[in-house]
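K.L.:
Have a peek at coords_34.cif (mmCIF, C-alpha atoms and all ligand atoms).
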data_upload
#
loop_
_atom_site.label_atom_id
_atom_site.label_comp_id
_atom_site.auth_asym_id
_atom_site.auth_seq_id
_atom_site.Cartn_x
_atom_site.Cartn_y
_atom_site.Cartn_z
CA MET A 70 21.52 15.16 37.46
CA LYS A 71 21.63 12.55 34.67
CA VAL A 72 21.57 8.92 35.81
CA ARG A 73 25.03 7.40 35.60
CA ALA A 74 26.24 3.97 36.76
CA LEU A 75 29.53 5.45 37.97
CA ILE A 76 30.61 9.01 38.66
CA PRO A 77 34.30 9.73 39.32
CA LEU A 78 35.04 12.32 42.00
CA GLU A 79 38.49 13.64 42.94
CA ASP A 80 40.03 10.41 44.20
CA THR A 81 36.98 8.25 44.82
CA VAL A 82 34.08 7.03 42.70
CA LYS A 83 30.35 7.08 43.28
CA ILE A 84 28.59 3.92 42.17
CA LEU A 85 24.83 3.80 41.75
CA ASP A 86 23.64 0.81 43.80
CA GLN A 87 21.60 -0.98 41.15
CA THR A 88 20.52 -3.70 43.58
CA ARG A 89 18.22 -1.08 45.12
CA LEU A 90 16.62 0.10 41.90
CA PRO A 91 13.90 0.98 41.11
CA LYS A 92 12.87 1.50 44.73
CA GLU A 93 15.64 3.92 45.66
CA MET A 94 18.45 5.71 43.89
CA ILE A 95 21.47 5.57 46.17
CA TYR A 96 25.08 6.23 45.22
CA ASN A 97 27.82 4.64 47.36
CA GLU A 98 31.19 6.39 47.43
CA TYR A 99 34.27 4.15 47.33
CA GLY A 100 37.91 5.06 47.88
CA ASP A 101 39.31 1.56 48.34
CA TYR A 102 39.69 -0.81 45.39
CA ARG A 103 38.51 -3.75 47.51
CA ASP A 104 35.13 -2.08 48.01
CA ILE A 105 34.79 -1.64 44.25
CA VAL A 106 35.60 -5.32 43.70
CA ALA A 107 32.89 -6.20 46.24
CA SER A 108 30.50 -3.82 44.51
CA ILE A 109 31.11 -5.53 41.14
CA LYS A 110 30.59 -8.98 42.69
CA LYS A 111 27.33 -7.91 44.33
CA LEU A 112 26.11 -6.40 41.02
CA GLU A 113 25.73 -2.95 42.53
CA ILE A 114 27.38 -2.07 39.26
CA ARG A 115 26.85 -4.50 36.39
CA GLY A 116 26.77 -4.69 32.62
CA ALA A 117 29.93 -5.45 30.67
CA PRO A 118 31.15 -1.92 29.82
CA ALA A 119 30.20 -0.54 33.25
CA ILE A 120 32.13 -3.18 35.17
CA GLY A 121 35.10 -2.48 32.88
CA ILE A 122 34.97 1.20 33.85
CA ALA A 123 34.59 0.31 37.54
CA GLY A 124 37.53 -2.11 37.29
CA ALA A 125 39.69 0.55 35.64
CA TYR A 126 38.94 3.01 38.42
CA ALA A 127 39.52 0.31 41.05
CA LEU A 128 43.06 -0.17 39.77
CA ALA A 129 43.64 3.58 39.54
CA ILE A 130 42.44 3.94 43.14
CA ALA A 131 44.77 1.14 44.26
CA ALA A 132 47.65 3.08 42.68
CA ARG A 133 47.01 5.98 45.05
CA ALA A 134 47.78 3.93 48.15
CA ASP A 135 51.20 3.85 49.90
CA VAL A 136 52.50 7.18 48.64
CA ASP A 137 56.03 6.36 49.86
CA THR A 138 56.44 3.04 48.06
CA ASP A 139 58.72 3.16 45.04
CA VAL A 140 57.13 2.98 41.60
CA GLU A 141 58.83 -0.24 40.43
CA HIS A 142 57.66 -2.11 43.52
CA PHE A 143 54.21 -0.70 43.02
CA LYS A 144 54.00 -1.93 39.43
CA ARG A 145 54.36 -5.48 40.79
CA VAL A 146 51.75 -4.86 43.49
CA LEU A 147 49.33 -3.55 40.89
CA THR A 148 49.73 -6.63 38.71
CA ASP A 149 48.34 -8.72 41.59
CA VAL A 150 45.62 -6.19 42.33
CA ALA A 151 44.64 -6.24 38.64
CA SER A 152 44.20 -10.03 38.77
CA GLU A 153 42.00 -9.70 41.82
CA ILE A 154 39.81 -7.13 40.06
CA LYS A 155 39.58 -9.18 36.85
CA ASP A 156 38.48 -12.23 38.85
CA ALA A 157 35.47 -10.37 40.24
CA ARG A 158 33.33 -11.48 37.29
CA PRO A 159 34.79 -13.79 34.65
CA THR A 160 32.46 -13.59 31.64
CA ALA A 161 32.51 -9.99 30.39
CA ALA A 162 35.48 -9.23 28.15
CA ASN A 163 35.31 -5.54 29.04
CA LEU A 164 36.46 -6.03 32.63
CA ALA A 165 39.84 -7.59 31.79
CA TRP A 166 40.17 -5.32 28.74
CA ALA A 167 39.77 -2.12 30.78
CA VAL A 168 41.89 -3.27 33.73
CA ASN A 169 44.69 -4.35 31.37
CA ARG A 170 44.55 -0.98 29.66
CA VAL A 171 45.20 0.80 32.96
CA LEU A 172 47.81 -1.79 33.95
CA ASN A 173 49.67 -1.18 30.67
CA VAL A 174 49.86 2.52 31.48
CA ALA A 175 51.41 1.54 34.83
CA HIS A 176 54.00 -0.71 33.20
CA GLU A 177 54.86 1.87 30.54
CA TYR A 178 55.51 4.61 33.11
CA GLN A 179 59.23 5.38 33.17
CA GLY A 180 59.56 7.96 35.96
CA ASP A 181 59.89 7.56 39.71
CA ASN A 182 57.26 10.02 40.87
CA LYS A 183 54.59 7.97 42.61
CA ALA A 184 52.00 10.77 42.65
CA GLU A 185 52.46 11.40 38.92
CA PHE A 186 52.29 7.65 38.27
CA ALA A 187 48.92 7.48 40.06
CA ILE A 188 47.57 10.44 38.08
CA HIS A 189 48.43 8.70 34.78
CA LEU A 190 46.39 5.67 35.82
CA TRP A 191 43.47 7.79 36.97
CA ASP A 192 43.48 9.66 33.65
CA GLU A 193 43.44 6.37 31.74
CA ALA A 194 40.37 5.22 33.67
CA GLY A 195 38.76 8.56 32.80
CA ALA A 196 39.67 8.07 29.13
CA ILE A 197 37.98 4.64 29.16
CA LEU A 198 34.83 6.15 30.65
CA LYS A 199 34.77 8.99 28.11
CA GLU A 200 35.48 6.66 25.23
CA ASP A 201 32.67 4.34 26.28
CA GLU A 202 30.23 7.24 26.14
CA GLU A 203 31.30 7.88 22.55
CA LEU A 204 31.12 4.18 21.65
CA CYS A 205 27.54 4.10 22.92
CA ASN A 206 26.62 7.12 20.78
CA ALA A 207 28.18 5.49 17.71
CA ILE A 208 26.29 2.23 18.35
CA GLY A 209 23.08 4.23 18.66
CA ARG A 210 23.73 6.10 15.39
CA HIS A 211 24.48 2.94 13.40
CA GLY A 212 21.77 0.79 14.94
CA GLU A 213 19.03 3.37 14.65
CA GLU A 214 19.04 2.89 10.86
CA LEU A 215 17.75 -0.65 11.33
CA ILE A 216 14.66 0.57 13.20
CA LYS A 217 11.45 1.60 11.49
CA ASP A 218 8.74 3.89 12.79
CA GLY A 219 6.24 1.75 14.73
CA ASP A 220 8.64 -1.12 15.48
CA THR A 221 8.21 -3.22 18.60
CA ILE A 222 11.53 -4.43 19.98
CA LEU A 223 12.21 -7.23 22.42
CA THR A 224 15.22 -6.86 24.71
CA HIS A 225 16.69 -9.06 27.42
CA CYS A 226 18.50 -8.02 30.62
CA ASN A 227 19.74 -4.42 30.69
CA ALA A 228 22.10 -3.01 28.10
CA GLY A 229 21.37 0.64 28.72
CA ILE A 230 22.65 3.68 30.59
CA LEU A 231 22.94 1.57 33.73
CA ALA A 232 25.22 -0.95 32.00
CA THR A 233 27.68 1.44 30.35
CA GLY A 234 29.41 4.80 30.60
CA GLY A 235 26.91 6.35 28.18
CA MET A 236 23.53 5.64 26.59
CA GLY A 237 23.98 1.90 26.52
CA THR A 238 24.44 -0.53 23.67
CA ALA A 239 21.10 -2.18 22.80
CA LEU A 240 19.19 0.65 24.46
CA ALA A 241 21.36 3.29 22.74
CA VAL A 242 19.81 2.08 19.47
CA ILE A 243 16.35 2.56 20.97
CA TYR A 244 17.20 5.97 22.43
CA ALA A 245 18.64 7.13 19.10
CA ALA A 246 15.58 5.93 17.16
CA HIS A 247 13.28 7.61 19.70
CA GLU A 248 15.24 10.84 19.36
CA ARG A 249 14.76 10.70 15.59
CA GLY A 250 11.02 10.70 16.24
CA LYS A 251 10.39 7.01 15.53
CA ARG A 252 7.57 5.55 17.58
CA ILE A 253 8.83 2.45 19.35
CA ARG A 254 7.46 0.02 21.86
CA VAL A 255 9.90 -2.10 23.83
CA TYR A 256 9.07 -5.47 25.35
CA ALA A 257 11.44 -6.07 28.27
CA ASP A 258 12.07 -9.64 29.41
CA GLU A 259 12.05 -9.51 33.20
CA THR A 260 15.32 -11.52 33.24
CA ARG A 261 15.25 -14.01 36.09
CA PRO A 262 16.75 -14.42 38.59
CA LEU A 263 18.04 -10.90 39.30
CA LEU A 264 15.38 -9.11 37.26
CA GLN A 265 17.57 -6.65 35.40
CA GLY A 266 14.78 -6.31 32.83
CA ALA A 267 12.04 -5.57 35.35
CA ARG A 268 14.07 -3.48 37.78
CA LEU A 269 16.44 -1.68 35.44
CA THR A 270 15.38 -1.71 31.77
CA ALA A 271 11.72 -0.98 32.48
CA TRP A 272 12.76 1.81 34.84
CA GLU A 273 15.34 3.30 32.50
CA LEU A 274 12.98 3.36 29.51
CA GLN A 275 10.16 4.81 31.58
CA GLN A 276 12.46 7.63 32.69
CA ALA A 277 13.19 8.34 29.03
CA GLY A 278 9.50 8.39 28.10
CA ILE A 279 9.77 5.30 25.87
CA GLU A 280 6.83 2.92 25.81
CA VAL A 281 7.84 -0.25 27.62
CA VAL A 282 5.91 -3.45 28.32
CA LEU A 283 7.30 -5.87 30.89
CA ASN A 284 6.92 -9.59 30.22
CA VAL A 285 8.07 -12.72 32.03
CA ASP A 286 10.97 -14.41 30.24
CA SER A 287 8.84 -17.32 29.10
CA ALA A 288 6.42 -15.00 27.28
CA SER A 289 8.90 -14.18 24.51
CA GLY A 290 7.66 -17.19 22.52
CA ILE A 291 4.02 -16.20 22.47
CA LEU A 292 4.93 -12.58 21.76
CA MET A 293 6.78 -13.66 18.63
CA ARG A 294 4.08 -16.11 17.60
CA GLN A 295 1.46 -13.37 17.91
CA GLY A 296 3.51 -11.22 15.54
CA ARG A 297 4.16 -8.59 18.16
CA ILE A 298 7.96 -8.39 17.80
CA SER A 299 9.67 -6.61 14.87
CA CYS A 300 13.18 -7.44 16.04
CA VAL A 301 15.25 -8.44 19.06
CA ILE A 302 18.10 -6.18 20.23
CA LEU A 303 20.27 -7.05 23.18
CA GLY A 304 23.84 -6.65 24.41
CA ALA A 305 26.77 -9.01 24.88
CA ASP A 306 29.33 -9.72 27.56
CA ARG A 307 31.88 -11.26 25.25
CA ILE A 308 32.07 -12.02 21.54
CA ALA A 309 34.43 -14.76 20.37
CA GLN A 310 36.40 -14.72 17.11
CA ASN A 311 33.73 -16.73 15.25
CA GLY A 312 30.94 -14.37 16.38
CA ASP A 313 29.44 -16.54 19.14
CA ILE A 314 28.32 -14.36 22.03
CA ALA A 315 27.95 -14.69 25.78
CA ASN A 316 25.08 -12.69 27.22
CA LYS A 317 22.63 -12.90 30.11
CA ILE A 318 21.12 -16.31 30.72
CA GLY A 319 18.06 -16.73 28.51
CA THR A 320 19.55 -14.96 25.50
CA TYR A 321 20.07 -18.27 23.69
CA ASN A 322 16.40 -19.21 24.17
CA VAL A 323 15.35 -15.88 22.64
CA ALA A 324 17.76 -16.36 19.71
CA VAL A 325 16.35 -19.82 18.89
CA LEU A 326 12.81 -18.47 19.04
CA ALA A 327 13.71 -15.47 16.86
CA ARG A 328 15.24 -17.77 14.24
CA HIS A 329 12.16 -19.98 14.24
CA HIS A 330 9.92 -16.96 13.70
CA ARG A 331 12.29 -15.30 11.17
CA ILE A 332 12.58 -12.23 13.40
CA PRO A 333 15.89 -10.32 13.13
CA PHE A 334 18.16 -10.87 16.13
CA TYR A 335 20.64 -8.04 16.68
CA VAL A 336 23.54 -7.93 19.14
CA ALA A 337 24.79 -4.44 20.06
CA ALA A 338 28.31 -4.17 21.48
CA PRO A 339 31.42 -1.97 21.39
CA TYR A 340 34.82 -3.21 20.21
CA SER A 341 35.86 -3.74 23.85
CA THR A 342 33.44 -6.69 24.06
CA PHE A 343 35.10 -8.53 21.15
CA ASP A 344 37.70 -11.05 22.31
CA ARG A 345 39.92 -12.21 19.48
CA SER A 346 41.86 -14.51 21.80
CA LEU A 347 38.95 -16.96 22.03
CA GLU A 348 38.01 -18.97 18.97
CA THR A 349 34.41 -19.86 19.80
CA GLY A 350 31.78 -19.30 22.44
CA ASP A 351 32.69 -22.63 24.02
CA ASP A 352 35.92 -21.00 25.24
CA ILE A 353 34.11 -18.22 27.11
CA PRO A 354 34.09 -18.73 30.90
CA ILE A 355 30.56 -18.74 32.25
CA GLU A 356 30.02 -17.29 35.69
CA GLU A 357 27.86 -19.34 38.04
CA ARG A 358 25.95 -17.42 40.69
CA SER A 359 24.93 -18.34 44.20
CA PRO A 360 21.90 -20.66 44.58
CA GLU A 361 20.55 -18.08 47.03
CA GLU A 362 19.65 -15.85 44.08
CA VAL A 363 17.35 -18.56 42.72
CA VAL A 364 15.76 -20.12 45.81
CA ASN A 365 14.71 -16.78 47.29
CA TRP A 366 12.39 -14.22 45.78
CA GLY A 367 12.00 -10.79 47.36
CA GLY A 368 13.51 -12.12 50.59
CA ILE A 369 11.12 -15.09 50.73
CA ARG A 370 12.26 -18.67 50.27
CA ILE A 371 10.42 -20.13 47.27
CA ALA A 372 12.13 -23.52 46.86
CA PRO A 373 12.42 -26.44 49.27
CA GLU A 374 15.43 -26.52 51.58
CA GLY A 375 18.25 -28.67 50.27
CA VAL A 376 17.26 -28.52 46.58
CA ASP A 377 20.14 -28.50 44.10
CA VAL A 378 20.40 -25.38 41.96
CA TYR A 379 22.16 -24.67 38.66
CA SER A 380 22.53 -20.94 38.09
CA PRO A 381 24.71 -19.87 35.17
CA ALA A 382 24.62 -16.07 34.86
CA PHE A 383 25.18 -16.18 31.09
CA ASP A 384 24.68 -18.44 28.11
CA ILE A 385 26.25 -18.76 24.68
CA THR A 386 24.38 -17.87 21.52
CA PRO A 387 26.09 -19.27 18.42
CA HIS A 388 26.81 -16.90 15.54
CA GLU A 389 24.44 -18.75 13.19
CA LEU A 390 21.53 -17.43 15.27
CA ILE A 391 22.65 -13.81 14.99
CA SER A 392 21.38 -11.56 12.17
CA ALA A 393 23.87 -8.72 12.73
CA TYR A 394 26.20 -7.05 15.23
CA ILE A 395 25.60 -3.36 15.84
CA THR A 396 29.03 -2.02 16.75
CA ASP A 397 30.64 1.38 17.14
CA LYS A 398 32.24 0.87 13.71
CA GLY A 399 28.98 0.03 11.95
CA VAL A 400 26.61 -2.88 11.43
CA LEU A 401 28.40 -6.18 10.74
CA PRO A 402 26.61 -9.19 9.29
CA GLY A 403 25.92 -12.17 11.56
CA GLY A 404 25.84 -15.83 10.66
CA ARG A 405 22.09 -16.29 10.20
CA ASP A 406 21.17 -17.48 6.75
CA ASP A 407 17.76 -15.76 6.39
O1 LIG A 501 24.84 -9.89 35.16
P1 LIG A 501 24.78 -8.58 34.45
O2 LIG A 501 23.62 -7.74 34.86
O3 LIG A 501 26.10 -7.84 34.54
O4 LIG A 501 24.57 -8.96 32.92
C1 LIG A 501 24.56 -7.94 31.96
C2 LIG A 501 24.26 -8.40 30.60
O5 LIG A 501 24.12 -9.58 30.34
C3 LIG A 501 24.22 -7.36 29.51
O6 LIG A 501 23.35 -7.74 28.50
C4 LIG A 501 25.64 -7.20 28.91
O7 LIG A 501 26.57 -6.99 29.92
C5 LIG A 501 25.70 -6.09 27.94
S1 LIG A 501 25.61 -4.51 28.75
C6 LIG A 501 25.80 -3.30 27.59
#
Could the structure of this file be written out as structure tokens, please?
Ligand code: MRU

P.N.:
Amino acid sequence: MKVRALIPLEDTVKILDQTRLPKEMIYNEYGDYRDIVASIKKLEIRGAPAIGIAGAYALAIAARADVDTDVEHFKRVLTDVASEIKDARPTAANLAWAVNRVLNVAHEYQGDNKAEFAIHLWDEAGAILKEDEELCNAIGRHGEELIKDGDTILTHCNAGILATGGMGTALAVIYAAHERGKRIRVYADETRPLLQGARLTAWELQQAGIEVVLNVDSASGILMRQGRISCVILGADRIAQNGDIANKIGTYNVAVLARHHRIPFYVAAPYSTFDRSLETGDDIPIEERSPEEVVNWGGIRIAPEGVDVYSPAFDITPHELISAYITDKGVLPGGRDD
């Protein structure tokens, strides 16, 4: 079976518990929307497109409850449920985008057949999942043209199969280039504090037979200085109207370094990550995570008791540090002037 972040079953979903990777591959089956919300919060499922898909299914699952309730009443209930799902993680545009898409189907439904109503919502969640797979393929196709045989690519966090409904965004570019026979080496930032790079990206690329080297986040500077990086490719959680992006904490540092070393800095994302309602990156809400994720390492306390912690999960990279956006529609120029 192919690795997938989420697999829909008849009226439940299976979510790959990414907190347990790479040690064990365990899928949890959920048939209650509240469990999916908890799963998103815990990062069992993570990555902007993947949490969008999970959120869409969560709402569709909620629509299956209370078979006897009338449809109009249920539309109001679902509006509240949708808000609860969207609040699970605030930064990624894809979560609210996908949940709203399913909610719109609910509001547009004109009949009074509750079972039929629920099926429409389920089908919309399925359409979002299927579409995301196609968006990933398109990103891979367009981005692959930027990659040369022998390139070494730095990536941050995980923007691959585990973060989407398909081949990923940043990693889709790498998979597509690999498939075309280009020899590629990937440097994966480990991505403190939750180690998506070490646990997920390194694992995913190994599974695909792509050469991957794991480095601590703070090594990206020396890697660039030593001339070991041809380009940076990573994903995004939200892209504002002016092209500023939110992505995993540490992305901004990498972007500044890449600019200093004149190394192309590419952001790969589908249209669902673009948020035209926000003018600049300063308007993007940044999720803050629990201090526990920083003061403990592998279950062992590594910081003194009582220490203050600041733990933003994402940062903003301004558009002037971005060379190009690799999207499902093609490669769009960024704001960097070199
Ligand atoms: O906290 P996470 O693991 O959900 O953060 C994920 C990222 O920052 C990814 O780079 C982003 O969502 C793009 S995934 C295609």

K.L.:
Residues near range 306-310 of chain A, anyone? I mean within 10 Å using all atoms listed in the file, not counting same-chain ones fewer than 2 positions away, as a PyMOL selection string.

P.N.:
chain A and resi 116-118+159-164+228+304+312-317+336+338+340-354+383-388+394

K.L.:
Would you export the selected residues with C-alpha atoms as an mmCIF file, in the frame of the given file, please?

P.N.:
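The resulting file, again.cif, is reproduced below:
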data_model
loop_
_atom_site.group_PDB
_atom_site.id
_atom_site.type_symbol
_atom_site.label_atom_id
_atom_site.label_comp_id
_atom_site.auth_asym_id
_atom_site.auth_seq_id
_atom_site.Cartn_x
_atom_site.Cartn_y
_atom_site.Cartn_z
ATOM 1 C CA GLY A 116 26.770 -4.690 32.620
ATOM 2 C CA ALA A 117 29.930 -5.450 30.670
ATOM 3 C CA PRO A 118 31.150 -1.920 29.820
ATOM 4 C CA PRO A 159 34.790 -13.790 34.650
ATOM 5 C CA THR A 160 32.460 -13.590 31.640
ATOM 6 C CA ALA A 161 32.510 -9.990 30.390
ATOM 7 C CA ALA A 162 35.480 -9.230 28.150
ATOM 8 C CA ASN A 163 35.310 -5.540 29.040
ATOM 9 C CA LEU A 164 36.460 -6.030 32.630
ATOM 10 C CA ALA A 228 22.100 -3.010 28.100
ATOM 11 C CA GLY A 304 23.840 -6.650 24.410
ATOM 12 C CA GLY A 312 30.940 -14.370 16.380
ATOM 13 C CA ASP A 313 29.440 -16.540 19.140
ATOM 14 C CA ILE A 314 28.320 -14.360 22.030
ATOM 15 C CA ALA A 315 27.950 -14.690 25.780
ATOM 16 C CA ASN A 316 25.080 -12.690 27.220
ATOM 17 C CA LYS A 317 22.630 -12.900 30.110
ATOM 18 C CA VAL A 336 23.540 -7.930 19.140
ATOM 19 C CA ALA A 338 28.310 -4.170 21.480
ATOM 20 C CA TYR A 340 34.820 -3.210 20.210
ATOM 21 C CA SER A 341 35.860 -3.740 23.850
ATOM 22 C CA THR A 342 33.440 -6.690 24.060
ATOM 23 C CA PHE A 343 35.100 -8.530 21.150
ATOM 24 C CA ASP A 344 37.700 -11.050 22.310
ATOM 25 C CA ARG A 345 39.920 -12.210 19.480
ATOM 26 C CA SER A 346 41.860 -14.510 21.800
ATOM 27 C CA LEU A 347 38.950 -16.960 22.030
ATOM 28 C CA GLU A 348 38.010 -18.970 18.970
ATOM 29 C CA THR A 349 34.410 -19.860 19.800
ATOM 30 C CA GLY A 350 31.780 -19.300 22.440
ATOM 31 C CA ASP A 351 32.690 -22.630 24.020
ATOM 32 C CA ASP A 352 35.920 -21.000 25.240
ATOM 33 C CA ILE A 353 34.110 -18.220 27.110
ATOM 34 C CA PRO A 354 34.090 -18.730 30.900
ATOM 35 C CA PHE A 383 25.180 -16.180 31.090
ATOM 36 C CA ASP A 384 24.680 -18.440 28.110
ATOM 37 C CA ILE A 385 26.250 -18.760 24.680
ATOM 38 C CA THR A 386 24.380 -17.870 21.520
ATOM 39 C CA PRO A 387 26.090 -19.270 18.420
ATOM 40 C CA HIS A 388 26.810 -16.900 15.540
ATOM 41 C CA TYR A 394 26.200 -7.050 15.230
#

K.L.:
Between A:Glu356, A:Asp407, A:Asp192, A:Asp377, which has the minimum distance to ligand LIG 501 (chain A) (counting all atoms listed in the file)?

P.N.:
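The shortest atom-to-atom distance to ligand LIG 501 (chain A) comes from A:Glu356.
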
K.L.:
Which residue gives the smallest distance to ligand LIG 501 (chain A) among A:Ala267, A:Leu303, A:Leu390, A:Ile95, with all atoms listed in the file counted?

P.N.:
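So, comparing all the options, the nearest one is A:Leu303.
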
K.L.:
Please determine, counting all atoms listed in the file, which residue among A:Leu283, A:Ala129, A:Ile291, A:Ala74 has the shortest atom-to-atom distance to ligand LIG 501 (chain A).

P.N.:
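Distance minimum relative to ligand LIG 501 (chain A) lands on A:Ala74.
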
K.L.:
For ligand LIG 501 (chain A), which residue out of A:Asn173, A:Thr260, A:Thr238, A:Asn206 is the nearest one, using all atoms listed in the file?

P.N.:
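Closest residue, counting all atoms listed in the file: A:Thr238.
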
K.L.:
Would you pick out the contacts of Asp397 in chain A at 10 Å or less, using only C-alpha atoms, so that residues sharing its chain but fewer than 5 positions from it are not included, and give the list as a list in words?

P.N.:
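My list of contacting residues is Asp201, Glu203, Leu204, Cys205, Asn206, Ala207, Ile208, Gly209, Arg210, His211, Gly212, Thr238, Ala337, Ala338, Pro339, Tyr340 and Ser341 of chain A.
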
K.L.:
So which one's closest to ligand LIG 501 (chain A), A:Arg252, A:Arg158, A:Lys92, A:Lys144? Using all atoms listed in the file, please.

P.N.:
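Comparing A:Arg252, A:Arg158, A:Lys92, A:Lys144 against ligand LIG 501 (chain A), the winner is A:Arg158.
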
K.L.:
Using all atoms listed in the file for the distances, tell me which of A:Val106, A:Leu190, A:Ala257, A:Ile371 is nearest to Ser287 in chain A.

P.N.:
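Comparing A:Val106, A:Leu190, A:Ala257, A:Ile371 against Ser287 in chain A, the winner is A:Ala257.
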
K.L.:
To one decimal in Å, tell me the separation between CA of Gly367 in chain A and CA of Ala288 in chain A.

P.N.:
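Between CA of Gly367 in chain A and CA of Ala288 in chain A the gap works out to 21.3 Å.
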
K.L.:
Report, in Å with one decimal, the straight-line distance from atom O3 of ligand LIG 501 (chain A) to CA of Gly296 in chain A.

P.N.:
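So the two atoms, atom O3 of ligand LIG 501 (chain A) and CA of Gly296 in chain A, lie 29.7 Å apart.
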
K.L.:
Using all atoms listed in the file, which protein or nucleic acid residues come within 8 Å of Ala167 in chain A? Drop anything in the same chain fewer than 4 positions from it, and give the result as a list in words.

P.N.:
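In the requested format, the answer is Gly121, Ile122, Gly124, Ala125, Asn163, Val171, Ala194 and Ile197 of chain A.
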